[in-house]
Structures are given as C-alpha cells and as structure tokens.
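With compact mmCIF, C-alpha atoms inside, this is upload.txt:
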```
# COMPACT_ATOMS: atom_id res chain seq x y z
CA MET A 284 106.96 93.32 79.74
CA ARG A 285 105.36 94.52 76.50
CA GLY A 286 104.49 97.81 78.14
CA ASN A 287 107.82 98.33 79.96
CA TRP A 288 109.81 100.54 77.59
CA LEU A 289 112.93 100.61 79.81
CA PHE A 290 113.07 96.82 79.88
CA LYS A 291 112.49 96.67 76.13
CA ALA A 292 115.33 99.14 75.46
CA LEU A 293 117.79 97.27 77.68
CA ASP A 294 116.66 93.92 76.34
CA ARG A 295 117.19 94.97 72.75
CA TYR A 296 120.28 97.18 72.78
CA ALA A 297 122.23 95.25 75.41
CA GLY A 298 120.57 91.88 74.88
CA ILE A 299 121.18 91.43 71.15
CA PRO A 300 124.99 91.81 71.25
CA LEU A 301 125.20 89.75 74.44
CA VAL A 302 123.16 86.89 72.97
CA TRP A 303 125.25 86.99 69.79
CA LEU A 304 128.55 86.96 71.70
CA LEU A 305 127.58 84.16 74.08
CA GLY A 306 126.12 82.14 71.23
CA TRP A 307 129.36 82.48 69.29
CA LEU A 308 131.41 81.47 72.34
CA ARG A 309 129.17 78.47 73.00
CA LYS A 310 129.53 77.19 69.47
CA ALA A 311 133.29 77.89 69.43
CA LEU A 312 133.83 75.92 72.62
CA ARG A 313 131.86 73.01 71.25
CA HIS A 314 133.88 73.07 68.07
CA MET A 315 137.10 72.97 70.09
CA ARG A 316 135.79 69.97 72.01
CA GLY A 317 135.05 68.03 68.88
CA GLY A 318 131.83 69.22 67.32
CA GLY A 319 128.22 68.37 68.04
CA VAL A 320 126.24 67.35 71.06
CA ASP A 321 125.49 63.74 71.89
CA ALA A 322 121.81 62.97 72.27
CA PRO A 323 121.16 63.44 76.00
CA VAL A 324 119.15 61.10 78.18
CA VAL A 325 115.91 63.01 78.69
CA THR A 326 115.09 62.94 82.39
CA GLN A 327 114.74 66.70 83.03
CA VAL A 328 113.36 69.37 80.71
CA LEU A 329 113.23 73.13 81.23
CA ALA A 330 110.58 75.40 79.70
CA ILE A 331 110.92 79.20 79.83
CA LYS A 332 107.90 81.50 79.48
CA LEU A 333 108.14 84.91 81.13
CA SER A 334 104.85 86.37 79.89
CA ALA A 335 101.94 86.65 79.60
CA LEU A 336 98.72 85.16 80.97
CA GLY A 337 97.15 84.37 77.60
CA ASP A 338 100.40 83.04 76.12
CA SER A 339 100.85 80.80 79.14
CA ILE A 340 97.40 79.25 78.74
CA LEU A 341 98.18 78.68 75.05
CA LEU A 342 101.45 76.98 76.05
CA ILE A 343 99.81 74.20 78.08
CA PRO A 344 99.21 71.94 75.01
CA ALA A 345 102.95 72.00 74.20
CA LEU A 346 103.89 71.19 77.79
CA ARG A 347 101.35 68.37 77.80
CA LYS A 348 102.92 67.03 74.60
CA ILE A 349 106.38 67.02 76.21
CA LYS A 350 105.06 64.92 79.09
CA GLN A 351 103.41 62.55 76.63
CA ALA A 352 106.70 62.14 74.79
CA PHE A 353 108.53 61.29 78.01
CA PRO A 354 106.05 60.18 80.71
CA GLY A 355 108.75 60.03 83.38
CA VAL A 356 110.41 63.35 82.59
CA ARG A 357 110.62 66.07 85.23
CA LEU A 358 109.38 69.33 83.69
CA THR A 359 110.40 72.65 85.24
CA VAL A 360 108.98 75.99 84.09
CA VAL A 361 110.65 79.37 84.54
CA CYS A 362 108.09 82.18 84.70
CA THR A 363 107.32 85.48 86.45
CA ARG A 364 104.66 86.70 88.88
CA ILE A 365 102.64 87.65 85.81
CA ASN A 366 101.91 84.07 84.75
CA GLU A 367 102.89 81.74 87.59
CA VAL A 368 99.23 81.12 88.47
CA VAL A 369 98.76 79.25 85.18
CA PHE A 370 101.73 76.96 85.67
CA LYS A 371 101.35 76.25 89.38
CA GLY A 372 97.92 74.77 88.73
CA SER A 373 98.95 72.56 85.81
CA PRO A 374 99.21 68.78 86.26
CA TYR A 375 101.97 68.62 83.63
CA ILE A 376 104.51 70.74 85.52
CA ASP A 377 106.65 69.30 88.31
CA SER A 378 108.27 72.50 89.55
CA VAL A 379 108.08 76.24 88.93
CA VAL A 380 110.89 78.79 89.19
CA VAL A 381 109.55 82.34 89.56
CA ILE A 382 112.00 85.10 88.67
CA ASP A 383 112.00 88.84 89.34
CA ILE A 384 112.97 90.56 86.08
CA GLY A 385 113.48 93.90 87.82
CA ALA A 386 115.95 92.37 90.28
CA MET A 387 117.84 90.72 87.42
CA ALA A 388 118.03 94.00 85.53
CA ARG A 389 119.55 95.64 88.61
CA ASN A 390 121.95 92.74 89.20
CA PRO A 391 122.51 90.54 86.12
CA LEU A 392 124.76 88.22 88.14
CA LYS A 393 121.59 86.78 89.69
CA ILE A 394 121.06 84.84 86.45
CA GLY A 395 124.07 82.67 87.29
CA THR A 396 122.63 81.68 90.68
CA LEU A 397 119.11 80.94 89.50
CA PHE A 398 119.49 77.24 88.75
CA ASP A 399 120.44 74.35 91.01
CA LYS A 400 123.56 72.87 89.44
CA SER A 401 122.46 69.38 90.51
CA ASN A 402 119.69 69.60 87.91
CA HIS A 403 120.93 68.34 84.56
CA TYR A 404 118.48 69.55 81.93
CA ALA A 405 118.60 67.56 78.72
CA ILE A 406 116.63 70.24 76.85
CA ALA A 407 115.70 73.85 77.51
CA PHE A 408 112.74 75.18 75.52
CA ASP A 409 112.53 78.95 75.18
CA PHE A 410 108.86 79.62 74.43
CA ASP A 411 109.14 83.42 74.45
CA GLN A 412 108.98 85.14 71.08
CA TRP A 413 110.90 88.42 71.20
CA THR A 414 112.83 89.12 74.38
CA ARG A 415 116.54 88.32 74.74
CA LEU A 416 116.46 87.46 78.46
CA PRO A 417 115.03 83.92 78.00
CA PRO A 418 117.92 82.70 75.79
CA LEU A 419 120.33 83.90 78.48
CA LEU A 420 118.34 82.02 81.11
CA ALA A 421 118.42 78.88 78.96
CA LEU A 422 122.20 79.18 78.65
CA ALA A 423 122.57 79.70 82.41
CA SER A 424 120.58 76.53 83.07
CA GLY A 425 123.39 74.42 81.60
CA ALA A 426 120.96 72.51 79.37
CA ALA A 427 122.59 70.15 76.89
CA GLN A 428 120.35 71.40 74.07
CA ILE A 429 118.52 74.72 73.71
CA ILE A 430 115.54 75.23 71.39
CA GLY A 431 113.67 78.45 70.67
CA PHE A 432 112.15 80.75 68.10
CA LYS A 433 113.93 82.58 65.33
CA THR A 434 111.67 85.62 65.21
CA LYS A 435 111.99 88.08 62.35
CA GLY A 436 113.86 91.21 63.39
CA GLN A 437 114.50 90.12 67.00
CA TYR A 438 118.02 88.60 66.70
CA ARG A 439 117.58 86.31 69.69
CA HIS A 440 118.34 82.86 68.27
CA PHE A 441 122.16 82.78 68.27
CA ILE A 442 122.43 80.68 71.43
CA TYR A 443 120.08 77.94 70.24
CA ASP A 444 121.04 74.49 68.97
CA HIS A 445 117.70 74.38 67.13
CA ALA A 446 116.07 77.62 65.97
CA VAL A 447 112.50 77.27 64.72
CA GLU A 448 110.95 80.01 62.60
CA HIS A 449 108.23 81.90 64.42
CA ARG A 450 105.53 82.34 61.79
CA GLN A 451 103.36 85.44 61.81
CA GLY A 452 100.28 83.86 60.20
CA ARG A 453 100.29 80.74 62.37
CA HIS A 454 98.27 80.40 65.57
CA GLU A 455 100.44 80.71 68.66
CA ILE A 456 99.38 77.27 69.95
CA ASP A 457 100.77 75.77 66.76
CA CYS A 458 103.97 77.83 67.01
CA PHE A 459 104.56 76.44 70.50
CA LEU A 460 103.87 72.91 69.27
CA ASP A 461 106.35 73.54 66.42
CA LEU A 462 109.15 73.81 68.99
CA VAL A 463 108.22 70.44 70.47
CA SER A 464 107.93 68.86 67.02
CA ALA A 465 111.40 70.13 66.12
CA VAL A 466 112.85 67.97 68.89
CA PHE A 467 110.39 65.07 68.70
CA PRO A 468 109.33 64.92 65.02
CA ALA A 469 108.00 61.37 65.33
CA LEU A 470 105.31 62.47 67.79
CA GLY A 471 102.93 63.99 65.27
CA ILE A 472 100.40 66.69 66.18
CA GLU A 473 96.70 65.80 66.20
CA LYS A 474 93.66 68.06 66.58
CA ASP A 475 93.20 67.02 70.21
CA ASP A 476 96.76 68.17 70.96
CA ARG A 477 95.56 71.80 70.57
CA LYS A 478 93.01 71.47 73.38
CA LEU A 479 93.36 74.07 76.12
CA GLU A 480 93.07 73.34 79.82
CA PHE A 481 92.72 75.28 83.04
CA PRO A 482 91.98 73.14 86.11
CA VAL A 483 89.37 74.46 88.52
CA THR A 484 89.86 73.27 92.08
CA GLU A 485 87.10 72.18 94.43
CA LEU A 486 88.03 75.01 96.78
CA SER A 487 87.57 77.59 94.01
CA LYS A 488 84.26 76.00 93.04
CA LYS A 489 83.01 76.46 96.60
CA ARG A 490 84.25 80.03 96.71
CA ALA A 491 82.55 80.80 93.39
CA ILE A 492 79.14 79.99 94.89
CA HIS A 493 79.65 82.56 97.65
CA ILE A 494 81.16 85.11 95.24
CA LEU A 495 78.09 84.92 93.00
CA GLN A 496 75.79 85.23 96.00
CA ASP A 497 77.67 88.31 97.22
CA ALA A 498 77.41 89.82 93.72
CA ASP A 499 73.61 89.39 93.82
CA ILE A 500 73.74 86.81 91.02
CA GLY A 501 73.17 83.64 93.04
CA SER A 502 71.92 80.85 90.78
CA ASP A 503 70.48 83.22 88.14
CA ALA A 504 71.55 82.92 84.50
CA PHE A 505 74.15 85.54 83.62
CA VAL A 506 76.45 86.76 80.86
CA VAL A 507 79.93 88.13 81.59
CA PHE A 508 81.27 91.36 80.12
CA HIS A 509 85.04 91.80 80.53
CA PRO A 510 85.81 95.28 79.14
CA GLU A 511 89.36 95.30 80.49
CA THR A 512 92.40 95.31 78.23
CA PRO A 513 96.11 95.14 79.13
CA ALA A 514 97.48 98.38 80.55
CA HIS A 515 99.76 98.72 77.52
CA GLY A 516 97.00 97.89 75.03
CA SER A 517 94.12 100.36 75.25
CA GLN A 518 93.85 100.04 71.45
CA ARG A 519 92.27 96.62 72.05
CA GLN A 520 89.36 97.97 74.08
CA TRP A 521 85.84 97.95 72.77
CA PRO A 522 84.44 101.29 73.98
CA PRO A 523 82.58 101.22 77.32
CA ALA A 524 79.62 102.96 75.66
CA TYR A 525 79.32 99.97 73.32
CA TYR A 526 79.20 97.56 76.28
CA ILE A 527 76.43 99.73 77.72
CA GLY A 528 74.49 99.59 74.46
CA LEU A 529 74.96 95.82 74.24
CA GLY A 530 73.85 95.39 77.83
CA LYS A 531 70.62 97.29 77.19
CA LYS A 532 69.86 95.12 74.16
CA ILE A 533 70.38 91.98 76.25
CA ALA A 534 68.17 93.38 79.01
CA ALA A 535 65.37 93.99 76.52
CA ALA A 536 65.64 90.57 74.84
CA TYR A 537 66.46 88.46 77.93
CA PRO A 538 64.71 90.08 80.92
CA GLU A 539 65.66 87.19 83.22
CA MET A 540 69.35 87.33 82.30
CA LYS A 541 71.81 89.18 84.51
CA LEU A 542 75.11 90.73 83.49
CA LEU A 543 78.34 90.41 85.46
CA ILE A 544 80.95 93.08 84.66
CA THR A 545 84.45 91.85 85.54
CA GLY A 546 87.98 93.24 85.70
CA THR A 547 90.90 93.86 88.01
CA GLY A 548 91.01 96.49 90.72
CA GLN A 549 92.07 99.24 88.30
CA ASP A 550 88.82 98.89 86.34
CA ILE A 551 86.27 98.64 89.15
CA GLN A 552 85.21 102.29 88.90
CA SER A 553 84.84 102.15 85.12
CA ASN A 554 82.92 98.89 85.38
CA GLN A 555 80.61 100.44 87.97
CA VAL A 556 79.72 103.20 85.49
CA ILE A 557 78.94 100.57 82.83
CA ALA A 558 76.76 98.58 85.23
CA GLU A 559 74.83 101.63 86.48
CA SER A 560 74.23 102.79 82.91
CA ILE A 561 72.79 99.41 81.91
CA GLY A 562 70.47 99.06 84.88
CA SER A 563 69.74 96.90 87.88
CA MET A 564 70.34 93.61 86.06
CA ALA A 565 74.06 94.47 85.72
CA LYS A 566 76.42 93.71 88.62
CA VAL A 567 80.12 94.37 89.15
CA LEU A 568 82.44 91.61 90.29
CA PRO A 569 85.18 92.77 92.66
CA ALA A 570 88.78 91.77 91.94
CA ILE A 571 89.34 88.10 92.85
CA SER A 572 92.07 85.53 92.21
CA LEU A 573 92.34 83.96 88.77
CA PRO A 574 91.48 80.42 90.00
CA ASP A 575 88.32 81.75 91.68
CA TYR A 576 87.50 83.81 88.60
CA ALA A 577 87.77 80.68 86.47
CA ALA A 578 85.33 78.94 88.79
CA VAL A 579 82.90 81.87 88.47
CA LEU A 580 83.13 81.68 84.67
CA THR A 581 82.05 78.03 84.67
CA HIS A 582 78.59 79.24 85.77
CA ALA A 583 78.25 81.81 82.97
CA ARG A 584 75.89 81.36 80.04
CA GLY A 585 78.19 83.40 77.82
CA MET A 586 80.90 86.02 77.71
CA VAL A 587 81.95 89.06 75.66
CA CYS A 588 85.51 90.40 75.81
CA GLY A 589 88.44 91.65 73.77
CA ASN A 590 91.71 89.86 73.18
CA THR A 591 93.10 89.36 76.69
CA GLY A 592 94.36 86.49 78.81
CA VAL A 593 90.82 86.15 80.15
CA MET A 594 89.62 85.43 76.60
CA HIS A 595 91.93 82.40 76.43
CA LEU A 596 90.86 81.37 79.95
CA ALA A 597 87.22 81.35 78.84
CA ALA A 598 88.17 79.32 75.76
CA ALA A 599 90.02 76.81 77.93
CA LEU A 600 86.91 76.43 80.10
CA GLY A 601 84.61 76.03 77.08
CA ILE A 602 82.51 79.10 77.97
CA PRO A 603 80.29 80.34 75.07
CA LEU A 604 82.34 83.32 74.02
CA VAL A 605 82.26 86.32 71.69
CA ALA A 606 85.85 87.54 71.22
CA LEU A 607 86.42 91.01 69.77
CA HIS A 608 89.51 91.65 67.65
CA GLY A 609 90.80 94.91 66.20
CA PRO A 610 94.58 95.27 66.29
CA THR A 611 94.99 91.55 67.05
CA ASP A 612 94.74 88.85 64.38
CA PRO A 613 92.25 86.11 65.32
CA ARG A 614 94.12 83.69 63.06
CA LYS A 615 97.07 83.97 65.44
CA TRP A 616 95.49 84.98 68.73
CA GLY A 617 91.86 83.87 68.44
CA PRO A 618 90.23 81.65 71.09
CA VAL A 619 90.69 77.93 70.48
CA SER A 620 87.23 76.64 71.35
CA ASP A 621 84.23 75.24 69.51
CA ALA A 622 82.08 77.45 71.76
CA ALA A 623 83.72 80.71 70.63
CA VAL A 624 82.89 83.18 67.88
CA CYS A 625 85.31 85.91 66.74
CA VAL A 626 84.10 89.32 65.62
CA TRP A 627 86.82 91.48 64.12
CA SER A 628 87.28 94.81 62.48
CA VAL A 629 87.42 94.99 58.71
CA ILE A 630 89.10 98.39 58.36
CA PRO A 631 92.15 98.16 56.05
CA CYS A 632 94.86 98.61 58.71
CA SER A 633 93.48 95.89 60.98
CA PRO A 634 95.12 93.76 62.30
CA CYS A 635 98.38 95.59 62.96
CA LEU A 636 99.96 93.47 65.73
CA TYR A 637 102.41 90.62 65.40
CA LEU A 638 104.34 90.36 68.67
CA GLY A 639 101.84 92.27 70.77
CA PHE A 640 103.29 95.77 71.13
CA GLU A 641 103.80 97.27 67.65
CA TYR A 642 100.47 99.12 67.37
CA GLY A 643 99.93 101.01 64.15
CA CYS A 644 98.25 103.95 65.94
CA SER A 645 97.43 105.27 69.40
CA THR A 646 93.64 105.10 68.95
CA ASN A 647 91.24 102.18 68.85
CA ARG A 648 89.23 103.11 65.77
CA CYS A 649 89.38 99.48 64.64
CA MET A 650 87.53 98.44 67.80
CA GLN A 651 85.10 101.33 67.37
CA SER A 652 84.24 99.96 63.93
CA ILE A 653 82.80 96.78 65.51
CA GLY A 654 79.09 97.52 65.88
CA ILE A 655 76.86 96.74 68.85
CA GLN A 656 74.31 94.91 66.69
CA GLU A 657 77.02 92.70 65.19
CA VAL A 658 78.23 91.67 68.62
CA TYR A 659 74.69 91.16 69.89
CA GLU A 660 73.87 88.81 67.02
CA ALA A 661 77.07 86.85 67.68
CA LEU A 662 76.17 86.56 71.35
CA VAL A 663 72.68 85.29 70.52
CA ARG A 664 74.31 82.59 68.40
CA VAL A 665 76.61 81.39 71.17
CA LEU A 666 73.84 81.51 73.77
CA LYS A 667 71.85 79.10 71.64
```

Let's see the structure in the file written out as structure tokens.
Amino acid sequence: MRGNWLFKALDRYAGIPLVWLLGWLRKALRHMRGGGVDAPVVTQVLAIKLSALGDSILLIPALRKIKQAFPGVRLTVVCTRINEVVFKGSPYIDSVVVIDIGAMARNPLKIGTLFDKSNHYAIAFDFDQWTRLPPLLALASGAAQIIGFKTKGQYRHFIYDHAVEHRQGRHEIDCFLDLVSAVFPALGIEKDDRKLEFPVTELSKKRAIHILQDADIGSDAFVVFHPETPAHGSQRQWPPAYYIGLGKKIAAAYPEMKLLITGTGQDIQSNQVIAESIGSMAKVLPAISLPDYAAVLTHARGMVCGNTGVMHLAAALGIPLVALHGPTDPRKWGPVSDAAVCVWSVIPCSPCLYLGFEYGCSTNRCMQSIGIQEVYEALVRVLK
C-alpha cells in the first residue's frame, strides 16, 4: 500500500472527510442515547492490520498480550494477501479475514458485508498507522469499542473511542503494545513481552533440507545475503556491488563458508549476477514460500540484509543478523533480537522515514555511505 499512489490519494482525500463525518455521527448517536459505552464483556476481539510483512511480525507480541489478558477470548485478525501468512501461522489468532483492497476501492459497499453480524466484538484494535481504511473497517465490524493510533498529520482517529498517540521515536513493537496497554493498563509490559515469534512447521523443516540440497548447500555452513528491498523502497538497498565486495571478503576469510543469496522472483536475475561475481561459494535461492524460507534461515550461521520484512523474520528466529539502515531509523524499525547488530548511515539527513513512504530523496546515498569493511566487521562479531 505504501507504494500505491492511487490508493494513497483516495485514502487521504476521500478517507479523511469520511472518517471525520462517520466519527462525528457515531459520537452524536451515542450522545443521543445517553452518553458513554458500558464496559463490554470481552469474548471476541478484532485486530486490523492491512500491511506489511515486517509490521505484522512486530504485531505478534501485542496479539499475544491480548490473549494473555483474556485467555478465553476469540481473536480475529483482518489482513490482506500481503501479510496473511504471518497471521495464519500464529497460535494466538483464532480466525483470519483476508480482504481485497482493490475490490473495496471499486465497490466500497463491500465493507458493509465483510463481517458476520453474529460476531459481537467487544473491542476492535486498529494497528495500522496512517491509512483511513482500517478505521472504517473497525466501524463496520460493529465493535463496542474502537482503539487506534492518533498519528500526526494523518487525521484518522475521529472514529475511535480511545486514540493513542503514535510516537515517532518509539519502537513499533512498543507502539503496538501501547494500544493494548490503553485498554488493559493493569497488565504491565515486561521485557519478555517484546519477544518476537514465527513458528516453523515440521513440514517446512523437512522441505528446507531438500531446498538446501537443491541449492548445493546441503549441510555446509552458510551466510545469507538478502539484497532485496520493497518495490517502493529502492532507497533502502545496499548497492549490489557492496554485497559482491562483502562476499569476496567472506570467501577469503572463511573458505569453508558458503553464501546463499535470497529474494523473490523479481530479484533472481540480479541475485545471480551477485553470486557469479563472488564466485563458486555463492548460491542463489529460488523464490519459495515464507514458511519454507523461515525454515531455511534456521540453518544459517548469519545474515546480512536491509530493513525489510525478512529482517524482522530473521530477528524472530534468532538468526545472527547484521541489519543495514539508511532512510529507516533503527530505534523505531531495528531488529528486536539479542543476536542482531545494526549498522546505519551517519550522514546528516539519515534517517528520513517515519511512516515508511516519505523518503527525503530518490537516491540511496545514505546506504552507499555504509562501507563494506564496516559491515564485514559487524558480521564477524555476530558469527562469533
């Protein structure tokens, strides 16, 4: 959604007045009926998160906290094809509703038919940060209470019963937990509550063995390079030539170590060039499912990548990780893992992102300022 300019334009210029109007009507109707909302019996809770992969992995601690607060509660998540794989594998989620944003844009009346009216949600949590569609979905769910972020400059909070400030300098895991704490302040948030999870199934573990054999890795020690960045975020990419230089340094220092270059189908050709430039110890992984990819990562000795959903996946799995940050702020988006090290640009305009799309320039000079030697030394540290 961050890269879809048509959606962003509709969401902002039609969404803001619509959210304001419906929020005003909701509050006016409640006032006519006698004021506030009685505390509902919490048997069903709705959580809305329409994007993206990394955000969804970071959301799991908050969903886990909800289930801890109410062990018998039925938790439903509304998501899209972009992130459903994260939620469908989670033990904390009882059901998943997958929506098609394009279909809703073409026919907004579909929002009214999305939810089963026999479900009586006590609370709807809107965990998105900037779009106006999630508040509308929360309203359509009929939830007794709606909680979400009041994000600076986004004007999306008018429907909520509880609006929690979305803080720019706070890690996104903690922002998500802030929403839960606003409803359940007596819970308290401990360090262990920030722990990430991504279950790896036995089937994916078995597939990973064959995938590594087919990639000519087998049982050899290997490090993963994931040069890929989101399609809308080329500014986050560490240059391919730098990955090549890093790979050659690893080959010289660790002659028994192999390199596995990973990405989706769109990056296979570019990854092949990187692998061929490094030498025979570098292999390219074909595009595979995220659960199988997670299983492959569990065999890795280490990983180097930029700020992507895969970075948070590696952190959730506890993979020794070097995470590269230029436009993104590691204080907000860094990997949450004791096995991870962040290397970030120190040029004055870095970081420039807050919500994930407001890049300060069209180049990636901040990523170019991160040197090969600096990343190599960080990788040596995590490998030890």

I need the residue nearest Met594 in chain A from this list: A:Glu511, A:Asp497, A:Glu559, A:Glu660. Use only C-alpha atoms for the distance.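 Looking at the shortest contact to Met594 in chain A, the residue is A:Glu511.
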
One-decimal distance in Å that lies between CA of Asp575 in chain A and CA of Ser563 in chain A: 24.3 Å

Give me the residues within 9 Å of range 466-470 of chain A as a ChimeraX atom specification, counting only C-alpha atoms and dropping any in the same chain fewer than 6 places off. /A:348-349,352,430,445

Suppose we keep C-alpha atoms; can you now write the selection as a short mmCIF file (atom, residue, chain, number, x, y, z; two decimals), keeping the file's coordinate frame?
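selection_27.cif written:
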```cif
data_model
loop_
_atom_site.label_atom_id
_atom_site.label_comp_id
_atom_site.auth_asym_id
_atom_site.auth_seq_id
_atom_site.Cartn_x
_atom_site.Cartn_y
_atom_site.Cartn_z
CA LYS A 348 102.92 67.03 74.60
CA ILE A 349 106.38 67.02 76.21
CA ALA A 352 106.70 62.14 74.79
CA ILE A 430 115.54 75.23 71.39
CA HIS A 445 117.70 74.38 67.13
#
```

Using all atoms listed in the file, determine which residues lie at most 10 Å from Arg309 in chain A, disregarding the query and same-chain residues fewer than 2 positions distant; provide the list as a list in words. Trp303, Leu304, Leu305, Gly306, Trp307, Ala311, Leu312, Arg313, His314, Leu422, Phe441, Ile442, Tyr443 and Asp444 of chain A

Dump of C-alpha atoms for the selected residues, as a compact mmCIF listing (two decimals), keeping the file's coordinate frame:
```txt
# COMPACT_ATOMS: atom_id res chain seq x y z
CA TRP A 303 125.25 86.99 69.79
CA LEU A 304 128.55 86.96 71.70
CA LEU A 305 127.58 84.16 74.08
CA GLY A 306 126.12 82.14 71.23
CA TRP A 307 129.36 82.48 69.29
CA ALA A 311 133.29 77.89 69.43
CA LEU A 312 133.83 75.92 72.62
CA ARG A 313 131.86 73.01 71.25
CA HIS A 314 133.88 73.07 68.07
CA LEU A 422 122.20 79.18 78.65
CA PHE A 441 122.16 82.78 68.27
CA ILE A 442 122.43 80.68 71.43
CA TYR A 443 120.08 77.94 70.24
CA ASP A 444 121.04 74.49 68.97
```

Could you tell me which of A:Gly471, A:Gly585, A:Gly425, A:Pro354 comes closest to Val506 in chain A if we count all atoms listed in the file?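 Of A:Gly471, A:Gly585, A:Gly425, A:Pro354, the one nearest Val506 in chain A is A:Gly585, counting all atoms listed in the file.
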
Report, in Å to a single decimal, how far apart CA of Cys625 in chain A and CA of Asn366 in chain A are.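 Atom-to-atom, CA of Asn366 in chain A and CA of Cys625 in chain A are spaced 24.6 Å apart.
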
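Minimum distance to Ser502 in chain A across A:Thr545, A:Ala297, A:Ser560, A:Glu539 (counting only C-alpha atoms) occurs at A:Glu539.
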
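Residue nearest Ser645 in chain A, chosen from A:His608, A:Lys478, A:Arg519, A:His582 and counting all atoms listed in the file: A:Arg519.
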
Near Leu462 in chain A, within 10 Å and counting all atoms listed in the file, which residues show up once chain neighbours fewer than 2 positions away are dropped, as a VMD selection string? chain A and resid 345 408 to 410 430 to 432 445 to 449 457 to 460 464 to 468

For the atom pair CA of Ala535 in chain A and CA of Lys566 in chain A, what is the interatomic distance in Å to one decimal place?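 Going from CA of Ala535 in chain A over to CA of Lys566 in chain A covers 16.4 Å.
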
Exercise: Val567 in chain A partners within 9 Å, all atoms listed in the file, chain neighbours under 2 positions left out, as a PDB file with C-alpha atoms, in the frame of the given file:
```pdb
ATOM      1  CA  ALA A 498      77.410  89.820  93.720  1.00  0.00           C
ATOM      2  CA  LEU A 542      75.110  90.730  83.490  1.00  0.00           C
ATOM      3  CA  LEU A 543      78.340  90.410  85.460  1.00  0.00           C
ATOM      4  CA  ILE A 544      80.950  93.080  84.660  1.00  0.00           C
ATOM      5  CA  THR A 545      84.450  91.850  85.540  1.00  0.00           C
ATOM      6  CA  GLY A 546      87.980  93.240  85.700  1.00  0.00           C
ATOM      7  CA  ILE A 551      86.270  98.640  89.150  1.00  0.00           C
ATOM      8  CA  ASN A 554      82.920  98.890  85.380  1.00  0.00           C
ATOM      9  CA  GLN A 555      80.610 100.440  87.970  1.00  0.00           C
ATOM     10  CA  ILE A 557      78.940 100.570  82.830  1.00  0.00           C
ATOM     11  CA  ALA A 558      76.760  98.580  85.230  1.00  0.00           C
ATOM     12  CA  ALA A 565      74.060  94.470  85.720  1.00  0.00           C
ATOM     13  CA  PRO A 569      85.180  92.770  92.660  1.00  0.00           C
TER      14      PRO A 569
END
```

Write out as number ranges by chain each polymer residue whose atoms come within 9 Å of Pro618 in chain A, counting all atoms listed in the file; drop sequence neighbours fewer than 2 positions from it. A: 590, 594-599, 604, 606, 613, 616, 620-621, 623-625

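Comparing the minimum interatomic distances between Leu341 in chain A and each of A:Tyr537, A:Trp627, A:Phe370, A:Trp521, counting all atoms listed in the file, we find that A:Phe370 sits nearest.
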